[in-house]
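Peer 1: Structure file upload.txt (compact mmCIF, C-alpha atoms (C1' of nucleotides)) right here:
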# COMPACT_ATOMS: atom_id res chain seq x y z
CA MET A 1 148.72 -149.01 -82.48
CA ARG A 2 147.87 -145.36 -82.91
CA GLU A 3 144.28 -146.00 -81.91
CA PHE A 4 145.34 -148.27 -79.06
CA LEU A 5 147.69 -145.66 -77.57
CA ARG A 6 144.99 -143.03 -77.84
CA GLU A 7 142.51 -145.30 -76.10
CA VAL A 8 144.94 -146.03 -73.25
CA TYR A 9 145.51 -142.32 -72.78
CA GLU A 10 141.82 -141.47 -72.81
CA ARG A 11 141.00 -144.12 -70.25
CA LEU A 12 143.83 -143.26 -67.88
CA TYR A 13 143.04 -139.57 -68.09
CA ALA A 14 139.38 -140.22 -67.40
CA HIS A 15 140.30 -142.38 -64.43
CA PHE A 16 143.16 -140.46 -62.81
CA GLY A 17 142.65 -136.96 -64.12
CA ARG A 18 145.39 -134.48 -64.82
CA ARG A 19 148.62 -135.38 -63.00
CA ARG A 20 150.28 -131.94 -63.06
CA TRP A 21 153.82 -133.20 -63.44
CA TRP A 22 156.52 -132.21 -62.74
CA SER A 23 156.03 -131.04 -59.19
CA ALA A 24 158.82 -128.47 -58.83
CA ASP A 25 159.39 -124.75 -58.37
CA SER A 26 162.04 -124.40 -61.04
CA ALA A 27 163.71 -126.15 -63.95
CA PHE A 28 166.76 -126.70 -61.81
CA GLU A 29 164.62 -128.42 -59.21
CA VAL A 30 163.26 -130.71 -61.95
CA ILE A 31 166.80 -131.74 -62.84
CA VAL A 32 167.63 -132.42 -59.19
CA GLY A 33 164.39 -134.36 -58.75
CA ALA A 34 165.01 -136.41 -61.89
CA ILE A 35 168.26 -137.67 -60.44
CA LEU A 36 167.00 -138.14 -56.91
CA THR A 37 163.91 -140.08 -57.96
CA GLN A 38 165.93 -142.91 -59.47
CA GLN A 39 164.61 -146.12 -57.92
CA VAL A 40 162.99 -144.24 -55.04
CA SER A 41 159.45 -143.26 -54.17
CA TRP A 42 158.59 -139.62 -54.75
CA LYS A 43 157.82 -139.14 -51.06
CA ASN A 44 161.49 -139.63 -50.28
CA VAL A 45 162.48 -137.21 -53.01
CA GLU A 46 160.25 -134.56 -51.48
CA LYS A 47 162.06 -134.92 -48.19
CA ALA A 48 165.42 -134.54 -49.85
CA ILE A 49 164.29 -131.51 -51.87
CA ALA A 50 162.94 -129.95 -48.68
CA ASN A 51 166.30 -130.53 -47.04
CA LEU A 52 168.09 -128.92 -49.95
CA ARG A 53 165.71 -125.95 -49.87
CA ALA A 54 166.14 -125.53 -46.12
CA GLY A 55 169.89 -125.66 -46.65
CA ASN A 56 169.60 -123.06 -49.40
CA ALA A 57 171.17 -125.59 -51.73
CA LEU A 58 168.86 -125.52 -54.74
CA SER A 59 171.28 -124.02 -57.20
CA ALA A 60 174.24 -125.32 -59.17
CA GLY A 61 176.63 -123.06 -57.31
CA ALA A 62 175.35 -124.01 -53.88
CA ILE A 63 175.50 -127.73 -54.60
CA LEU A 64 179.02 -127.47 -55.93
CA ALA A 65 180.04 -125.52 -52.85
CA LEU A 66 178.72 -128.17 -50.47
CA PRO A 67 181.14 -130.83 -49.25
CA HIS A 68 180.21 -134.27 -50.57
CA ALA A 69 179.35 -135.61 -47.11
CA GLU A 70 177.04 -132.68 -46.31
CA LEU A 71 175.25 -133.00 -49.62
CA GLY A 72 174.86 -136.71 -49.02
CA LEU A 73 173.32 -136.05 -45.64
CA LEU A 74 170.70 -133.73 -47.16
CA ILE A 75 169.65 -136.21 -49.83
CA ARG A 76 169.93 -139.28 -47.62
CA PRO A 77 166.21 -140.14 -47.83
CA THR A 78 166.59 -140.85 -51.56
CA ARG A 79 168.81 -143.89 -51.09
CA TYR A 80 172.14 -144.36 -52.87
CA TYR A 81 172.96 -140.94 -51.50
CA ASN A 82 176.69 -141.20 -52.06
CA GLN A 83 176.25 -141.92 -55.74
CA LYS A 84 173.50 -139.37 -56.11
CA ALA A 85 175.52 -136.66 -54.40
CA GLN A 86 178.21 -137.18 -57.01
CA ARG A 87 175.63 -137.21 -59.82
CA LEU A 88 174.21 -133.90 -58.64
CA LYS A 89 177.63 -132.33 -58.50
CA ASP A 90 178.50 -133.65 -61.95
CA VAL A 91 175.37 -132.27 -63.59
CA CYS A 92 175.91 -128.93 -61.81
CA LEU A 93 179.44 -128.91 -63.14
CA LEU A 94 178.05 -129.46 -66.63
CA ILE A 95 175.58 -126.59 -66.24
CA ASN A 96 178.41 -124.37 -65.09
CA GLU A 97 180.71 -125.33 -67.93
CA GLU A 98 178.06 -125.20 -70.65
CA SER A 99 176.12 -122.17 -69.57
CA GLY A 100 177.90 -120.43 -66.75
CA GLY A 101 175.48 -121.83 -64.18
CA ASP A 102 172.42 -120.57 -66.06
CA THR A 103 170.01 -123.54 -66.07
CA GLY A 104 167.59 -121.84 -68.47
CA ARG A 105 170.29 -121.33 -71.06
CA PHE A 106 171.60 -124.83 -70.49
CA LEU A 107 168.19 -126.27 -71.31
CA GLN A 108 167.69 -124.14 -74.39
CA GLN A 109 170.38 -125.83 -76.41
CA GLU A 110 169.45 -128.15 -79.27
CA PRO A 111 167.70 -131.21 -77.73
CA GLY A 112 169.85 -133.86 -79.41
CA SER A 113 172.98 -132.19 -78.22
CA LEU A 114 171.56 -131.63 -74.74
CA ARG A 115 170.61 -135.30 -74.50
CA ARG A 116 174.10 -136.42 -75.46
CA ARG A 117 175.66 -134.12 -72.90
CA LEU A 118 173.34 -135.35 -70.16
CA LEU A 119 173.97 -138.99 -71.04
CA ALA A 120 177.70 -138.35 -70.78
CA VAL A 121 177.22 -137.58 -67.10
CA ARG A 122 177.91 -140.65 -64.98
CA GLY A 123 174.64 -141.74 -63.41
CA ILE A 124 172.34 -140.10 -65.92
CA GLY A 125 170.80 -142.72 -68.16
CA LYS A 126 168.16 -142.49 -70.85
CA GLU A 127 165.17 -142.21 -68.58
CA THR A 128 166.70 -139.48 -66.44
CA ALA A 129 168.00 -137.58 -69.47
CA ASP A 130 164.63 -137.79 -71.21
CA SER A 131 162.81 -136.71 -68.05
CA ILE A 132 164.97 -133.62 -68.00
CA LEU A 133 164.37 -132.99 -71.71
CA LEU A 134 160.62 -133.32 -71.32
CA TYR A 135 159.87 -131.92 -67.89
CA ALA A 136 162.61 -129.32 -67.53
CA ALA A 137 163.28 -128.30 -71.14
CA GLY A 138 159.75 -128.89 -72.47
CA ARG A 139 160.94 -130.95 -75.45
CA PRO A 140 158.64 -133.54 -77.06
CA VAL A 141 160.56 -136.59 -75.85
CA PHE A 142 158.62 -139.59 -74.57
CA VAL A 143 159.95 -140.97 -71.29
CA ILE A 144 159.97 -144.75 -70.90
CA ASP A 145 160.07 -146.44 -67.52
CA HIS A 146 159.44 -149.88 -66.04
CA TYR A 147 155.72 -149.27 -65.81
CA THR A 148 155.52 -148.53 -69.51
CA HIS A 149 157.16 -151.85 -70.30
CA ARG A 150 154.93 -153.75 -67.92
CA ILE A 151 151.70 -152.15 -69.03
CA LEU A 152 152.31 -152.76 -72.73
CA GLN A 153 153.33 -156.32 -71.99
CA ARG A 154 150.24 -156.94 -69.88
CA LEU A 155 148.10 -155.61 -72.68
CA GLY A 156 149.76 -158.01 -75.09
CA ARG A 157 151.36 -155.33 -77.25
CA THR A 158 154.98 -156.19 -76.52
CA HIS A 159 156.94 -159.15 -75.17
CA GLY A 160 158.42 -156.99 -72.42
CA ARG A 161 162.07 -157.11 -73.41
CA GLU A 162 162.15 -154.37 -76.01
CA PRO A 163 165.03 -151.94 -75.60
CA TYR A 164 164.29 -148.46 -74.30
CA ASP A 165 164.68 -146.73 -77.66
CA GLU A 166 162.31 -149.12 -79.38
CA LEU A 167 159.47 -148.35 -76.99
CA GLN A 168 160.26 -144.68 -77.21
CA ARG A 169 160.04 -144.76 -81.00
CA LEU A 170 156.74 -146.59 -80.73
CA PHE A 171 155.15 -143.82 -78.70
CA GLU A 172 156.77 -140.97 -80.59
CA ALA A 173 155.80 -142.42 -83.97
CA HIS A 174 152.15 -142.87 -83.09
CA LEU A 175 151.40 -139.78 -81.05
CA PRO A 176 151.32 -136.09 -81.93
CA ARG A 177 154.70 -134.60 -81.04
CA ASP A 178 153.29 -132.54 -78.21
CA PRO A 179 155.29 -132.00 -74.99
CA ALA A 180 152.11 -131.45 -72.96
CA LEU A 181 150.69 -134.76 -74.19
CA PHE A 182 153.93 -136.65 -73.55
CA ASN A 183 154.10 -135.09 -70.12
CA GLU A 184 150.61 -136.15 -69.15
CA TYR A 185 150.85 -139.57 -70.78
CA HIS A 186 153.98 -140.61 -68.93
CA ALA A 187 152.61 -139.30 -65.64
CA LEU A 188 149.39 -141.25 -66.17
CA LEU A 189 151.27 -144.47 -66.89
CA VAL A 190 153.15 -144.04 -63.61
CA ALA A 191 149.93 -143.27 -61.76
CA HIS A 192 148.42 -146.44 -63.14
CA GLY A 193 151.54 -148.37 -62.18
CA HIS A 194 151.21 -147.18 -58.62
CA HIS A 195 147.64 -148.25 -58.07
CA LEU A 196 147.89 -151.39 -59.99
CA CYS A 197 147.04 -154.04 -61.16
CA LEU A 198 150.54 -154.75 -62.45
CA LYS A 199 151.81 -155.58 -59.02
CA THR A 200 150.35 -158.37 -56.97
CA ALA A 201 146.70 -158.29 -57.90
CA PRO A 202 146.44 -160.14 -61.19
CA ARG A 203 143.13 -158.56 -62.07
CA CYS A 204 141.92 -155.37 -60.58
CA PRO A 205 138.18 -155.12 -61.23
CA GLU A 206 138.41 -151.35 -61.41
CA CYS A 207 141.35 -151.29 -63.80
CA PRO A 208 140.76 -148.44 -66.26
CA LEU A 209 142.47 -150.47 -68.98
CA SER A 210 140.35 -153.56 -68.56
CA GLY A 211 139.19 -155.00 -71.84
CA LEU A 212 142.09 -153.55 -73.82
CA CYS A 213 144.21 -156.68 -73.74
CA ALA A 214 145.04 -158.11 -77.17
CA HIS A 215 144.23 -161.64 -75.94
CA ALA A 216 141.46 -160.68 -73.57
CA SER A 217 139.14 -163.27 -75.06
CA GLN A 218 141.17 -166.25 -73.83
CA THR A 219 141.93 -165.01 -70.32
CA GLY A 220 138.93 -162.85 -69.68
CA GLY A 221 141.35 -160.40 -68.16
CA ALA A 222 142.78 -157.20 -69.43
CA ALA A 223 145.47 -155.06 -67.96
CA GLY A 224 145.07 -156.90 -64.75
C1' DG B 225 160.46 -159.23 -41.12
C1' DC B 226 159.06 -158.61 -46.06
C1' DC B 227 158.51 -156.06 -50.49
C1' DC B 228 159.04 -152.30 -53.47
C1' DA B 229 159.76 -147.47 -55.09
C1' DG B 230 159.08 -142.10 -61.19
C1' DG B 231 167.49 -146.25 -62.40
C1' DT B 232 172.34 -146.64 -63.60
C1' DG B 233 176.64 -148.73 -64.53
C1' DG B 234 179.91 -152.43 -64.29
C1' DG B 235 180.94 -157.21 -64.85
C1' DT B 236 180.54 -161.72 -67.13
C1' DA B 237 179.17 -165.27 -70.74
C1' DT C 238 172.16 -159.46 -76.09
C1' DA C 239 171.01 -161.21 -71.40
C1' DC C 240 171.62 -161.74 -66.81
C1' DC C 241 173.78 -160.67 -62.37
C1' DC C 242 175.21 -157.36 -58.90
C1' DA C 243 176.08 -152.93 -55.98
C1' DC C 244 174.16 -148.81 -54.54
C1' DA C 245 171.74 -148.77 -49.41
C1' DT C 246 166.27 -145.19 -47.29
C1' DG C 247 161.61 -145.31 -45.87
C1' DG C 248 156.69 -146.59 -46.04
C1' DG C 249 153.05 -150.09 -46.30
In C-alpha cells, how does this file's structure come out?
Peer 2:
Amino acid sequence: MREFLREVYERLYAHFGRRRWWSADSAFEVIVGAILTQQVSWKNVEKAIANLRAGNALSAGAILALPHAELGLLIRPTRYYNQKAQRLKDVCLLINEESGGDTGRFLQQEPGSLRRRLLAVRGIGKETADSILLYAAGRPVFVIDHYTHRILQRLGRTHGREPYDELQRLFEAHLPRDPALFNEYHALLVAHGHHLCLKTAPRCPECPLSGLCAHASQTGGAAG
DNA sequence: GCCCAGGTGGGTA
DNA sequence: TACCCACATGGG
C-alpha cells in the first residue's frame, strides 16, 4: 500500500503539477472557504469570497456583525446559503470565544482539541474540520473526500464503503507525516477527480493512473 | 432541460 | 450500519 500510494502521488504530480492549495489570502479566508465549498464548485466559492471582501466582511467580527439575511445574500452563489450563513457565524463565534477573535491563536491550539471544537460546530463535519486543520493550521491531517473514495475503489484498493476515519488512517499510516505532502496529495486527488475518468467516461486513455488497477489484467482498464 | 460540484445532519429501519 | 432526504446556485 505504501508503494501504491507513492506511485499514485508521483503520477498525479507529474500529470497535474503543483496545485498550490489553498487559494486564500489568510487563514481566516481558508476557514470561510472550507465551509462555503461544501458541495459546491470552487468557482462559486470565489464569487462568494469576492462578495465578502467587497463588503469588508472577511473577519470574525464583521461576519458576526452582519445580519443573517445580508450575509446570506453575499454567499448566495455557494448554495445552501441560509445554512452556510449560520455555519459561518457559529465558527466566528467559536473563534471569538476561544481566542478573542484572533484566528492565528485559535489555530495554534493542540490539533486534537481544535478538531473536536470544530466538529462541535453545527455544519462542520470531518472533511471540513480536517481541511481547516491541514490548510489553515498546517497540521499533518489527511483530508478525505468523495474523490478519494472513488479513486481507491476504481483502483481496486477498497470496496468504496469504508468510513471516513478508516481511509484517513490508511493514508496517514503509509505516508510521511508531512503537511506539505498531505496538502498536495489531497489537491491532486481532487484535480484528478475533476478531469476524470471517474465520472462518465469509463476509461480515459490519458488517465495518469492507468495501469495501476489491482485487477487491471481482467478488464484491461485502470483508473478509468 | 439535465447533471454535478473540494458536505452535513436528521430521520428511519 | 445503511439508506433516504433537505439544503437550494451556477456552469457545462
Peer 1: Would you kindly return, as a list in words, each protein, DNA or RNA residue with an atom no farther than 10 Å from any atom of DA245 of chain C, considering all atoms listed in the file and excluding same-chain residues fewer than 3 positions away?
Peer 2: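 Close residues of DA245 of chain C: Arg76, Thr78, Arg79, Tyr80, Tyr81 and Asn82 of chain A.
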Peer 1: Chain C near chain B within 9 Å: what's each residue's closest atom pair and its distance in Å to one decimal, counting all atoms listed in the file, ordered by chain then ascending residue number, as JSON lines?
Peer 2:
{"residue": "C:DC240", "atom": "C1'", "partner": "B:DT236", "partner_atom": "C1'", "distance": 8.9}
{"residue": "C:DC241", "atom": "C1'", "partner": "B:DG235", "partner_atom": "C1'", "distance": 8.3}
{"residue": "C:DC242", "atom": "C1'", "partner": "B:DG235", "partner_atom": "C1'", "distance": 8.3}
Peer 1: Chain C near chain A within 9 Å: what's each residue's closest atom pair and its distance in Å to one decimal, counting only C-alpha atoms (C1' of nucleotides), ordered by chain then ascending residue number, as a Markdown table?
Peer 2:
| residue | atom | partner | partner_atom | distance |
| --- | --- | --- | --- | --- |
| C:DC244 | C1' | A:Tyr80 | CA | 5.2 |
| C:DA245 | C1' | A:Tyr80 | CA | 5.6 |
| C:DT246 | C1' | A:Arg79 | CA | 4.8 |
| C:DG247 | C1' | A:Asn44 | CA | 7.2 |
Peer 1: Report as JSON lines: every residue of chain A with an atom at most 8 Å from chain B, its closest pair of atoms, and their distance in Å to one decimal, counting only C-alpha atoms (C1' of nucleotides), with rows sorted by chain and ascending residue number.
Peer 2:
{"residue": "A:Thr37", "atom": "CA", "partner": "B:DG230", "partner_atom": "C1'", "distance": 6.2}
{"residue": "A:Gln38", "atom": "CA", "partner": "B:DG231", "partner_atom": "C1'", "distance": 4.7}
{"residue": "A:Gln39", "atom": "CA", "partner": "B:DG231", "partner_atom": "C1'", "distance": 5.3}
{"residue": "A:Val40", "atom": "CA", "partner": "B:DA229", "partner_atom": "C1'", "distance": 4.6}
{"residue": "A:Ser41", "atom": "CA", "partner": "B:DA229", "partner_atom": "C1'", "distance": 4.3}
{"residue": "A:Trp42", "atom": "CA", "partner": "B:DG230", "partner_atom": "C1'", "distance": 6.9}
{"residue": "A:Gly123", "atom": "CA", "partner": "B:DT232", "partner_atom": "C1'", "distance": 5.4}
{"residue": "A:Ile124", "atom": "CA", "partner": "B:DT232", "partner_atom": "C1'", "distance": 6.9}
{"residue": "A:Gly125", "atom": "CA", "partner": "B:DT232", "partner_atom": "C1'", "distance": 6.2}
{"residue": "A:Glu127", "atom": "CA", "partner": "B:DG231", "partner_atom": "C1'", "distance": 7.7}
{"residue": "A:Thr128", "atom": "CA", "partner": "B:DG231", "partner_atom": "C1'", "distance": 7.9}
{"residue": "A:Asp145", "atom": "CA", "partner": "B:DG230", "partner_atom": "C1'", "distance": 7.7}
{"residue": "A:Val190", "atom": "CA", "partner": "B:DG230", "partner_atom": "C1'", "distance": 6.7}
Peer 1: Box for segment 175-182 of chain A: with edges along x, y and z, all listed atoms inside and 5 Å added on each side, what are the centre and edge lengths in Å to one decimal, as JSON?
Peer 2:
{"center_x": 153.0, "center_y": -135.6, "center_z": -77.4, "size_x": 14.6, "size_y": 18.3, "size_z": 19.0}
Peer 1: Can you measure atom CA of Ala137 of chain A to atom CA of Thr103 of chain A for me? One decimal in Å is fine.
Peer 2: 9.7 Å
